[in-house]
There are 4 protein chains.
Amino acid sequence: MLKKTLRGVVPPMVTPLLNNDTLDVKGTERLVDHLLKGEVAGLFLLGTTGEGTNLSPVLRDELVSRVCSQVAGRVPVLVGVSDTDFSESLRLAKRAAELGASAVVAAAPFYFALGQMELVAYYTRLAERQPLPVFLYNMPSHVKVMLDIETVRVLARNPKIFGIKDSSANIAYFNNIRRIKNERASFSVFMGPDEALGEAVLLGADGGVCSGANLFPRLFVDLWRAAQACNIDRVRELQERVLRVDEAVYTMGRDATRYVKGLKCALNLMGFVTTR
Amino acid sequence: MLKKTLRGVVPPMVTPLLNNDTLDVKGTERLVDHLLKGEVAGLFLLGTTGEGTNLSPVLRDELVSRVCSQVAGRVPVLVGVSDTDFSESLRLAKRAAELGASAVVAAAPFYFALGQMELVAYYTRLAERQPLPVFLYNMPSHVKVMLDIETVRVLARNPKIFGIKDSSANIAYFNNIRRIKNERASFSVFMGPDEALGEAVLLGADGGVCSGANLFPRLFVDLWRAAQACNIDRVRELQERVLRVDEAVYTMGRDATRYVKGLKCALNLMGFVTTR
Amino acid sequence: MLKKTLRGVVPPMVTPLLNNDTLDVKGTERLVDHLLKGEVAGLFLLGTTGEGTNLSPVLRDELVSRVCSQVAGRVPVLVGVSDTDFSESLRLAKRAAELGASAVVAAAPFYFALGQMELVAYYTRLAERQPLPVFLYNMPSHVKVMLDIETVRVLARNPKIFGIKDSSANIAYFNNIRRIKNERASFSVFMGPDEALGEAVLLGADGGVCSGANLFPRLFVDLWRAAQACNIDRVRELQERVLRVDEAVYTMGRDATRYVKGLKCALNLMGFVTTR
Amino acid sequence: MLKKTLRGVVPPMVTPLLNNDTLDVKGTERLVDHLLKGEVAGLFLLGTTGEGTNLSPVLRDELVSRVCSQVAGRVPVLVGVSDTDFSESLRLAKRAAELGASAVVAAAPFYFALGQMELVAYYTRLAERQPLPVFLYNMPSHVKVMLDIETVRVLARNPKIFGIKDSSANIAYFNNIRRIKNERASFSVFMGPDEALGEAVLLGADGGVCSGANLFPRLFVDLWRAAQACNIDRVRELQERVLRVDEAVYTMGRDATRYVKGLKCALNLMGFVTTR
């Protein structure tokens with residue numbers, strides 16, 4: 001269970017696979033080691049980058065179990081429970097709690113696009129019906145709806161809801177969400193896109209859920225620290241490196257899946273995971 | 001297993017529930033009876049209207065099992081297997097085959113939006129890796145991508161892929177899809193929106209997957225027959241009735257879920273299902 | 001001024017140009033002749049196909065003037081006045097009235113996307129402040145908003161607003177718009193996309209604003225007549241020909257401008273217009 | 001004509017109107033005075049906030065003429081020439097040059113959505129065929145297309161194209177656009193949304209085209225200066241004030257026009273402009 005405000009770099013961990021139904025156990029261990037050595041503030045399993053929605057419940061459980069064991073409490077483990085089947089979200093959340101995870105992360109249900117009042121009901125129930133604290137996940141490109149600023153503000157009054165990852169890339173929206181910290185300082189506000197970690201933290205955000213940190217965790221941690229220290233020159237320099245990495249890794253092809261493919265390909269070339 | 005070209009009205013059956021995790025068994029029986037008495041050409045379980053993506057695997061199995069038993073081969077039972085987890089789609093398809101279902105229906109995976117080549121690969125694998133014939137399901141509002149006309153044309157060459165339901169409501173698209181029947185007459189082309197069943201069939205489509213047929217199956221069957229018989233006056237009259245029903249049932253509220261809510265509310269008022 | 005309900009095929013006339021600022025006068029004459037020989041029910045100038053929004057006021061006036069002179073009352077001439085500058089819409093409408101045009105056609109303003117109440121105000125003012133009757137034009141792909149069914153219903157009570165062209169291609173929407181004829185039979189409802197002229201008219205629509213009629217007016221007029229006569233076999237046959245034409249002419253490239261380019265290229269190959 | 005790299009706060013000036021066709025001359029004078037006293041780096045006339053696309057050519061000319069006279073070279077005046085009629089864009093640009101404007105700003109044509117190659121052609125011609133330097137304007141919500149990063153990179157090699165205003169609010173995009181300054185340092189990169197001026201400038205952007213600066217120019221200029229000086233605490237404090245202003249002024253109603261309405265209403269209450 002989370003003890004304090006989550007801050008820092010929390011990579012949305014890639015899920016190493018041997019094939020569609022088989023975890024790459026060795027690759028997973030190497031990747032977790034790599035990320036912890038990079039001094040990340042936590043691990044986020046089964047997010048978009050982790051292809052959580054595409055994995056079977058059996059695989060989800062195995063991943064959470066293995067990673068929680070390996071991490072052994074050194075950093076919080078957050079588990080993505082986004083699913084169109086609410087009972088699976090609850091099941092996975094409860095299992096994650098038993099396995100030692102610290103929190104769950106949920107994008108809104110994504111087949112039917114919910115209205116704002118339905119989103120409030122959804123997250124409130126998710127918070128009530130399983131033991132872990134809940135991290136909101138705004139992901140309009142995949143889910144088809146934005147969590148309205150007012151919706152997040154209402155949900156942030158729920159003590160079991162402790163933060164939000166915003167992957168909209170909309171900076172006007174993000175800065176308004178960050179203002180919720182004026183009302184509840186402990187509400188964690190995380191930037192989704194790698195490309196804006198530096199400035200988000202400079203202006204007061206808590207951290208980032210940076211896909212690229214799978215490859216170079218230390219680069220992102222250094223950037224976060226530079227931003228925390230208000231070292232602008234260093235932020236500019238490191239943010240530029242992040243932009244170069246992303247350009248190299250994420251821009252192959254046109255499909256929406258290209259960034260996961262790019263990441264997995266790069267991790268394979270770097271020797272962390274097998275080819276799938 | 002389907003023996004011949006699917007034609008007629010195939011309602012996307014509402015899933016009666018007592019609560020999120022419990023099937024309304026009596027309601028389901030009454031609804032199946034009601035539909036069969038209405039002389040529908042088949043039943044489509046676990047589609048969008050059937051909230052398939054929102055139900056647990058256990059509930060999915062129970063529904064398919066009970067309905068297949070009750071139908072006992074009188075009409076084909078089609079089972080929606082749309083899921084972001086491919087292993088669940090395969091599992092459900094195999095189970096449906098064992099239980100006596102005739103075919104599976106699949107919208108494209110809906111968290112990541114696939115590219116057209118990825119869609120070809122997805123449906124080809126789905127056809128290969130489970131025993132039942134596959135019905136394509138174009139549902140851009142929920143899935144975020146259209147199946148390109150060329151994509152459908154390529155897939156229609158696969159003998160295990162026997163038809164498509166198009167819920168785009170785009171009539172220019174639909175009429176181009178219908179032209180695939182020029183190349184393969186047995187390829188079933190079904191109209192999604194209730195509001196266009198009549199003209200679709202007049203122009204050569206095979207049928208409709210009409211949500212409103214849950215309420216008034218005979219109205220839609222009569223409309224289909226009138227269109228088959230090229231009785232235009234009757235088509236106009238019945239299509240007008242369909243439009244009035246839809247206006248009454250589907251237009252409460254603004255949320256994307258409103259048509260399912262309206263349908264379930266109406267079915268409840270008509271005494272077929274309980275309130276959930 | 002329109003004397004009676006507009007019905008039939010009204011091509012959105014291509015604007016033949018020698019260059020960006022010069023009308024192809026000979027080409028325009030040949031094209032008008034070609035269309036009138038095809039027995040069209042009217043001409044619609046300066047629509048989307050006519051590139052109305054892209055032409056200077058001087059060119060717009062010249063085109064309207066020349067075509068009205070040449071047509072000399074044989075069929076109604078409708079003039080597109082869609083513009084983000086309302087004073088230009090009014091100016092052009094007044095000029096068109098002087099030159100003998102029968103009506104104006106207006107898509108909603110297209111830089112700012114208007115809300116539904118703003119759309120009611122816009123069309124009401126347009127009807128009030130210039131002499132010609134107004135034809136609504138629903139064009140969401142270019143304008144970013146749909147005219148809600150309720151908005152059209154309200155506007156249809158205005159005696160100066162006499163009809164609508166729906167280019168959404170959404171057949172559920174179109175069929176609901178057509179129901180407005182139940183309240184006011186003289187309200188003209190026209191199908192935009194070529195691909196659905198036949199069934200629209202079979203079910204009770206008044207006609208089509210068919211781009212392809214620039215090439216083969218008689219094909220579309222024959223289709224309209226077959227639909228009027230409820231000759232389904234003939235509708236199917238002719239609609240199939242329309243689909244083949246459109247596939248050949250409209251599918252080069254990916255840009256939104258491709259259908260105008262395809263049309264102009266085809267008209268050039270057929271000897272009606274010069275190359276631009 | 002611009003002499004050096006444009007940097008600082010350049011408000012997109014509201015156009016004070018007595019009615020749809022009449023400039024509020026006194027209001028315009030007061031507003032220009034107010035902005036110049038606020039030490040803005042330039043004025044941008046006839047942008048989205050200035051309702052440029054909605055004004056007649058006569059009004060556009062009058063506004064440019066009066067403002068250029070009043071400003072008398074104290075700061076650069078940029079003139080929006082976005083139009084679907086290319087000849088009007090050229091005419092207005094030439095007139096603006098005669099009247100003493102320093103540059104033109106152009107969003108992409110907005111009725112037909114252009115493809116990326118068409119956008120390159122459009123901006124290249126605009127640069128060639130009129131005397132003033134060109135400022136790109138990325139405005140996907142109104143124009144329906146993004147200027148691809150690669151498109152901007154190509155256009156930035158044209159010496160007559162000297163910068164870009166990005167109103168997408170997409171921070172990942174913006175930061176990639178900013179990288180073009182690595183290749184051409186004098187290419188001005190401006191943030192559109194008020195809400196992100198501070199961080200954009202902290203990270204290396206040149207300035208902002210801030211709507212809210214119509215109300216409180218000095219607030220935005222102070223924010224820009226704080227960011228230039230890397231005074232983070234001050235940036236946070238002033239950015240927070242900007243967010244409060246925007247929340248108060250921009251959030252009335254749901255229509256896309258609401259922010260202009262809010263601005264004009266606020267300017268009226270502050271005594272700068274009359275009610276329209």
# chains A, B, ... in the order shown; residues from 1 in each chain; ligands from 1
>>> interface_residues(of="chain B", to="chain A", cutoff="6 Å", atoms="only C-alpha atoms", output="VMD selection string")
chain B and resid 53 to 56 84 to 85 111 113 115 142 255 to 256
>>> residues_around(residues="D:Ala127", least_positions_apart="6", cutoff="12 Å", atoms="only C-alpha atoms", output="ChimeraX atom specification")
/D:81,89-90,93-94,103-106,120-121,133-136,155-162
>>> atom_distance(atom1="atom CA of D:Leu92", atom2="atom CA of D:Cys68")
13.8 Å
>>> closest_residue(among="C:Gly73, C:Pro16, C:Gly38, C:Pro140", to="C:Arg60", atoms="only C-alpha atoms")
C:Pro16
>>> select_by_dssp(residues="stretch 171-265 of chain A", states="helix (DSSP H, G or I)", output="PyMOL selection string")
chain A and resi 171-178+180-183+194-202+211-214+217-228+232-250+258-265
>>> select_by_dssp(residues="stretch 166-210 of chain D", states="strand (DSSP E or B)", output="list in words")
Asp166, Asn170, Ser188, Val189, Phe190, Met191, Gly207 and Gly208 of chain D
>>> residues_around(residues="B:Ser186", least_positions_apart="6", cutoff="10 Å", atoms="only C-alpha atoms", output="PyMOL selection string")
chain B and resi 4-7+156+162-163+180+206
>>> atom_distance(atom1="atom CA of A:Pro131", atom2="atom CA of A:Ala108")
18.7 Å
>>> atom_distance(atom1="atom CA of D:Gly208", atom2="atom CA of D:Phe190")
4.7 Å
>>> residues_around(residues="C:Val71", least_positions_apart="3", cutoff="10 Å", atoms="only C-alpha atoms", output="ChimeraX atom specification")
/C:29,32-33,36,42-43,66-68,74-77,100-101
>>> closest_residue(among="B:Leu203, B:Ile164, B:Leu35, B:Leu99", to="C:Glu237", atoms="only C-alpha atoms")
B:Leu203
>>> closest_residue(among="C:Asn268, C:Ser168, C:Gln130, C:Thr49", to="C:Val145", atoms="only C-alpha atoms")
C:Ser168
